[in-house]
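Quick look at work-v3.cif (mmCIF, C-alpha atoms):
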data_coords
#
loop_
_atom_site.group_PDB
_atom_site.id
_atom_site.type_symbol
_atom_site.label_atom_id
_atom_site.label_comp_id
_atom_site.auth_asym_id
_atom_site.auth_seq_id
_atom_site.Cartn_x
_atom_site.Cartn_y
_atom_site.Cartn_z
ATOM 1 C CA MET A 294 1.892 6.976 -14.982
ATOM 2 C CA TYR A 295 -1.171 4.716 -14.539
ATOM 3 C CA ALA A 296 -0.304 2.622 -17.581
ATOM 4 C CA ASP A 297 3.175 2.063 -16.125
ATOM 5 C CA ARG A 298 1.661 0.955 -12.821
ATOM 6 C CA ILE A 299 -0.635 -1.577 -14.462
ATOM 7 C CA ASP A 300 2.224 -2.872 -16.618
ATOM 8 C CA ALA A 301 4.464 -3.193 -13.546
ATOM 9 C CA LEU A 302 1.758 -5.134 -11.715
ATOM 10 C CA ALA A 303 1.138 -7.377 -14.736
ATOM 11 C CA GLY A 304 4.840 -8.171 -14.856
ATOM 12 C CA ARG A 305 4.660 -9.563 -11.318
ATOM 13 C CA LEU A 306 1.679 -11.838 -11.943
ATOM 14 C CA ASP A 307 1.636 -15.524 -12.760
ATOM 15 C CA ARG A 308 -2.173 -15.577 -13.135
ATOM 16 C CA PRO A 309 -4.872 -12.896 -13.553
ATOM 17 C CA LEU A 310 -5.583 -10.699 -10.524
ATOM 18 C CA LEU A 311 -9.000 -9.229 -9.805
ATOM 19 C CA VAL A 312 -8.338 -5.957 -7.995
ATOM 20 C CA THR A 313 -11.304 -5.133 -5.769
ATOM 21 C CA SER A 314 -9.795 -2.702 -3.272
ATOM 22 C CA LEU A 315 -10.952 0.771 -4.303
ATOM 23 C CA VAL A 316 -7.737 2.226 -2.849
ATOM 24 C CA ASN A 317 -5.681 -0.027 -5.116
ATOM 25 C CA ILE A 318 -7.939 0.684 -8.096
ATOM 26 C CA ARG A 319 -7.425 4.419 -7.545
ATOM 27 C CA TYR A 320 -3.653 3.908 -7.386
ATOM 28 C CA LEU A 321 -3.651 1.862 -10.597
ATOM 29 C CA THR A 322 -6.132 3.907 -12.665
ATOM 30 C CA GLY A 323 -6.933 7.213 -10.962
ATOM 31 C CA PHE A 324 -10.583 6.175 -10.614
ATOM 32 C CA GLY A 325 -12.176 7.474 -7.412
ATOM 33 C CA GLY A 326 -15.727 6.116 -7.692
ATOM 34 C CA SER A 327 -17.437 3.599 -5.449
ATOM 35 C CA SER A 328 -18.047 0.774 -7.930
ATOM 36 C CA ALA A 329 -15.179 -0.828 -9.822
ATOM 37 C CA TYR A 330 -13.263 -4.003 -10.539
ATOM 38 C CA LEU A 331 -9.967 -4.204 -12.370
ATOM 39 C CA LEU A 332 -8.830 -7.459 -13.928
ATOM 40 C CA VAL A 333 -5.079 -7.356 -14.584
ATOM 41 C CA ARG A 334 -3.614 -10.143 -16.690
ATOM 42 C CA PRO A 335 -0.003 -11.318 -16.738
ATOM 43 C CA ASP A 336 0.178 -10.369 -20.436
ATOM 44 C CA ALA A 337 -0.201 -6.693 -19.388
ATOM 45 C CA GLY A 338 -3.785 -6.472 -20.578
ATOM 46 C CA ALA A 339 -6.407 -5.161 -18.160
ATOM 47 C CA VAL A 340 -10.183 -4.828 -18.079
ATOM 48 C CA PHE A 341 -11.824 -2.131 -15.987
ATOM 49 C CA LEU A 342 -15.452 -2.718 -14.985
ATOM 50 C CA THR A 343 -17.749 -0.140 -13.435
ATOM 51 C CA ASP A 344 -21.446 0.566 -13.400
ATOM 52 C CA GLY A 345 -23.338 3.026 -15.579
ATOM 53 C CA ARG A 346 -22.955 5.938 -13.146
ATOM 54 C CA TYR A 347 -19.218 6.111 -13.827
ATOM 55 C CA GLY A 348 -18.970 5.148 -17.497
ATOM 56 C CA GLU A 349 -18.014 8.575 -18.856
ATOM 57 C CA THR A 350 -15.543 9.288 -16.058
ATOM 58 C CA ALA A 351 -13.895 5.905 -16.480
ATOM 59 C CA GLU A 352 -13.717 6.370 -20.247
ATOM 60 C CA ARG A 353 -11.767 9.623 -19.806
ATOM 61 C CA LEU A 354 -9.370 8.062 -17.317
ATOM 62 C CA LEU A 355 -8.759 4.920 -19.333
ATOM 63 C CA ALA A 356 -7.960 6.901 -22.475
ATOM 64 C CA ALA A 357 -4.496 7.331 -20.950
ATOM 65 C CA ILE A 358 -4.116 3.582 -20.330
ATOM 66 C CA PRO A 359 -3.931 1.876 -23.734
ATOM 67 C CA SER A 360 -3.519 -1.611 -22.263
ATOM 68 C CA ALA A 361 -6.859 -1.368 -20.413
ATOM 69 C CA SER A 362 -10.291 -1.830 -21.895
ATOM 70 C CA LEU A 363 -13.501 -0.529 -20.357
ATOM 71 C CA GLU A 364 -16.672 -2.450 -19.584
ATOM 72 C CA VAL A 365 -19.703 -0.595 -18.255
ATOM 73 C CA ALA A 366 -22.506 -2.585 -16.647
ATOM 74 C CA THR A 367 -25.860 -0.913 -17.083
ATOM 75 C CA SER A 368 -27.576 -3.741 -15.218
ATOM 76 C CA GLY A 369 -26.281 -6.848 -13.508
ATOM 77 C CA ILE A 370 -22.641 -6.054 -12.722
ATOM 78 C CA TRP A 371 -22.126 -9.703 -11.668
ATOM 79 C CA ASP A 372 -23.292 -10.889 -15.092
ATOM 80 C CA ARG A 373 -20.800 -8.594 -16.793
ATOM 81 C CA LEU A 374 -18.019 -9.572 -14.385
ATOM 82 C CA ALA A 375 -18.689 -13.275 -15.017
ATOM 83 C CA GLY A 376 -18.369 -12.627 -18.753
ATOM 84 C CA ILE A 377 -15.055 -10.835 -18.276
ATOM 85 C CA LEU A 378 -13.715 -13.701 -16.195
ATOM 86 C CA GLU A 379 -14.509 -16.416 -18.743
ATOM 87 C CA GLY A 380 -11.619 -18.634 -19.610
ATOM 88 C CA GLY A 381 -11.176 -20.826 -16.580
ATOM 89 C CA GLY A 382 -8.148 -21.417 -14.466
ATOM 90 C CA GLU A 383 -7.012 -19.792 -11.285
ATOM 91 C CA LEU A 384 -7.828 -16.185 -10.430
ATOM 92 C CA SER A 385 -5.943 -14.225 -7.793
ATOM 93 C CA LEU A 386 -8.057 -12.169 -5.389
ATOM 94 C CA GLU A 387 -7.010 -9.546 -2.862
ATOM 95 C CA ALA A 388 -7.592 -11.560 0.312
ATOM 96 C CA HIS A 389 -7.762 -8.498 2.552
ATOM 97 C CA ASP A 390 -10.590 -6.948 0.521
ATOM 98 C CA VAL A 391 -12.776 -9.822 -0.663
ATOM 99 C CA SER A 392 -15.626 -11.206 1.409
ATOM 100 C CA TRP A 393 -16.498 -14.888 1.539
ATOM 101 C CA ASP A 394 -19.713 -13.991 -0.297
ATOM 102 C CA VAL A 395 -17.702 -12.638 -3.237
ATOM 103 C CA VAL A 396 -15.547 -15.789 -3.335
ATOM 104 C CA GLU A 397 -18.619 -18.021 -3.311
ATOM 105 C CA THR A 398 -20.354 -15.929 -5.980
ATOM 106 C CA LEU A 399 -17.271 -16.145 -8.205
ATOM 107 C CA ARG A 400 -17.177 -19.910 -7.761
ATOM 108 C CA ASP A 401 -20.881 -20.215 -8.552
ATOM 109 C CA ARG A 402 -20.979 -17.858 -11.545
ATOM 110 C CA THR A 403 -17.619 -18.417 -13.216
ATOM 111 C CA ASP A 404 -15.323 -21.292 -14.062
ATOM 112 C CA ARG A 405 -12.434 -19.662 -12.185
ATOM 113 C CA GLN A 406 -10.725 -21.032 -9.097
ATOM 114 C CA PRO A 407 -10.135 -18.156 -6.617
ATOM 115 C CA VAL A 408 -6.692 -17.999 -5.019
ATOM 116 C CA ALA A 409 -6.048 -15.622 -2.104
ATOM 117 C CA THR A 410 -3.147 -13.225 -2.513
ATOM 118 C CA THR A 411 -1.825 -10.388 -0.407
ATOM 119 C CA GLY A 412 0.327 -7.362 -1.013
ATOM 120 C CA LEU A 413 0.702 -7.463 -4.787
ATOM 121 C CA VAL A 414 -0.455 -3.896 -5.397
ATOM 122 C CA GLU A 415 0.751 -2.646 -2.017
ATOM 123 C CA GLU A 416 4.313 -3.654 -2.908
ATOM 124 C CA LEU A 417 4.100 -1.395 -5.951
ATOM 125 C CA ARG A 418 2.662 1.437 -3.877
ATOM 126 C CA ARG A 419 5.716 1.368 -1.594
ATOM 127 C CA THR A 420 8.083 2.292 -4.427
ATOM 128 C CA LYS A 421 7.804 5.878 -5.633
ATOM 129 C CA GLY A 422 8.571 6.956 -9.169
ATOM 130 C CA PRO A 423 10.177 10.287 -10.108
ATOM 131 C CA SER A 424 6.867 12.155 -10.415
ATOM 132 C CA GLU A 425 5.698 10.817 -7.050
ATOM 133 C CA VAL A 426 8.977 11.812 -5.375
ATOM 134 C CA ALA A 427 8.650 15.305 -6.864
ATOM 135 C CA ALA A 428 5.071 15.581 -5.562
ATOM 136 C CA LEU A 429 6.166 14.467 -2.085
ATOM 137 C CA ARG A 430 8.975 17.045 -2.079
ATOM 138 C CA ALA A 431 6.555 19.778 -3.150
ATOM 139 C CA ALA A 432 4.112 18.770 -0.414
ATOM 140 C CA ALA A 433 6.872 18.780 2.204
ATOM 141 C CA ALA A 434 8.031 22.222 1.060
ATOM 142 C CA ALA A 435 4.459 23.539 1.276
ATOM 143 C CA GLY A 436 4.139 22.104 4.788
ATOM 144 C CA ASP A 437 7.428 23.693 5.833
ATOM 145 C CA ALA A 438 6.267 27.050 4.463
ATOM 146 C CA ALA A 439 2.928 26.780 6.281
ATOM 147 C CA PHE A 440 4.584 25.956 9.597
ATOM 148 C CA GLY A 441 7.015 28.831 9.066
ATOM 149 C CA ALA A 442 4.085 31.211 8.540
ATOM 150 C CA VAL A 443 2.310 29.907 11.651
ATOM 151 C CA ARG A 444 5.451 30.395 13.705
ATOM 152 C CA THR A 445 5.575 34.088 12.772
ATOM 153 C CA LEU A 446 1.867 34.486 13.628
ATOM 154 C CA VAL A 447 2.164 33.024 17.135
ATOM 155 C CA ALA A 448 5.513 34.600 18.005
#

Here is the file; what I need is its structure written in the form of structure tokens.
Amino acid sequence: MYADRIDALAGRLDRPLLVTSLVNIRYLTGFGGSSAYLLVRPDAGAVFLTDGRYGETAERLLAAIPSASLEVATSGIWDRLAGILEGGGELSLEAHDVSWDVVETLRDRTDRQPVATTGLVEELRRTKGPSEVAALRAAAAAGDAAFGAVRTLVA
């Protein structure tokens, strides 16, 4: 499921995208920690970066995503991120989630040119796959059953 999501996103890109929104990172990888970056390339390759607190958790999650490699920063996450971003050219950023400070730091520490983008991951999140539709149906059925039980309790 997560590998398909990353591949679908990569297929929509014309330049690498640095995903910084933790909500979008969770959608794309299943990672629920508080420190992560995900670089998704148009060639369907991805690099997931987190700090040392989450290395083992991220390793387990990424085992199911063959197109993604893992980088764990034990000190200096910006140094590691700058190394991942080597190669120059434009880099898409999630405009709604990136501060000016992050943009300036990227300009100062990398040879990338940040380009603001919006909605790339959110567009994917709007479309539900078969497993997501099944989960939504199961949740709706559970809600219906709960309300039915409450109705009998208050009647």

- [ ] With the file shown as input, list the residues that the PyMOL selection byres ((chain A and resi 346-363) around 7) selects, as a ChimeraX atom specification.
- [x] /A:295-296,323-324,337-345,364-365

Specify the axis-aligned box that encloses all atoms of region 360-379 of chain A listed in the file after padding of 3 Å on each side, stating its centre and edge lengths in Å to one decimal as lines of an AutoDock Vina configuration file.
center_x = -15.5
center_y = -8.5
center_z = -17.0
size_x = 30.1
size_y = 21.9
size_z = 16.6

- [ ] Evaluate the PyMOL selection byres ((chain A and resi 335) around 10) here and jot the selected residues down as a PyMOL selection string.
- [x] chain A and resi 300-310+333-334+336-339

Hey, can you spit out that residue selection with C-alpha atoms as a PDB file, in the coordinates of the input?
ATOM      1  CA  ASP A 300       2.224  -2.872 -16.618  1.00  0.00           C
ATOM      2  CA  ALA A 301       4.464  -3.193 -13.546  1.00  0.00           C
ATOM      3  CA  LEU A 302       1.758  -5.134 -11.715  1.00  0.00           C
ATOM      4  CA  ALA A 303       1.138  -7.377 -14.736  1.00  0.00           C
ATOM      5  CA  GLY A 304       4.840  -8.171 -14.856  1.00  0.00           C
ATOM      6  CA  ARG A 305       4.660  -9.563 -11.318  1.00  0.00           C
ATOM      7  CA  LEU A 306       1.679 -11.838 -11.943  1.00  0.00           C
ATOM      8  CA  ASP A 307       1.636 -15.524 -12.760  1.00  0.00           C
ATOM      9  CA  ARG A 308      -2.173 -15.577 -13.135  1.00  0.00           C
ATOM     10  CA  PRO A 309      -4.872 -12.896 -13.553  1.00  0.00           C
ATOM     11  CA  LEU A 310      -5.583 -10.699 -10.524  1.00  0.00           C
ATOM     12  CA  VAL A 333      -5.079  -7.356 -14.584  1.00  0.00           C
ATOM     13  CA  ARG A 334      -3.614 -10.143 -16.690  1.00  0.00           C
ATOM     14  CA  ASP A 336       0.178 -10.369 -20.436  1.00  0.00           C
ATOM     15  CA  ALA A 337      -0.201  -6.693 -19.388  1.00  0.00           C
ATOM     16  CA  GLY A 338      -3.785  -6.472 -20.578  1.00  0.00           C
ATOM     17  CA  ALA A 339      -6.407  -5.161 -18.160  1.00  0.00           C
TER      18      ALA A 339
END

- [ ] Grab the CA of Thr398 (chain A) to CA of Arg319 (chain A) distance for me, in Å with one decimal place.
- [x]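 It comes out at 24.2 Å.
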
Task: the PyMOL selection byres ((chain A and resi 315) around 10) resolved against shown file, as a PyMOL selection string - done: chain A and resi 312-314+316-321+324-331+390

Task: Length of the CA of Glu387 (chain A) to CA of Val414 (chain A) vector [Å] - done: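 Value for the CA of Glu387 (chain A)-CA of Val414 (chain A) distance: 9.0 Å.
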
Task: Gap from CA of Val396 (chain A) to CA of Gly412 (chain A) - Å, one decimal - done: 18.1 Å

- [ ] Write out as a VMD selection string the residues lying within 12 Å of Gly381 (chain A), counting only C-alpha atoms and excluding same-chain residues fewer than 6 positions away.
- [x] chain A and resid 308 to 309 375 399 to 400 402 to 407
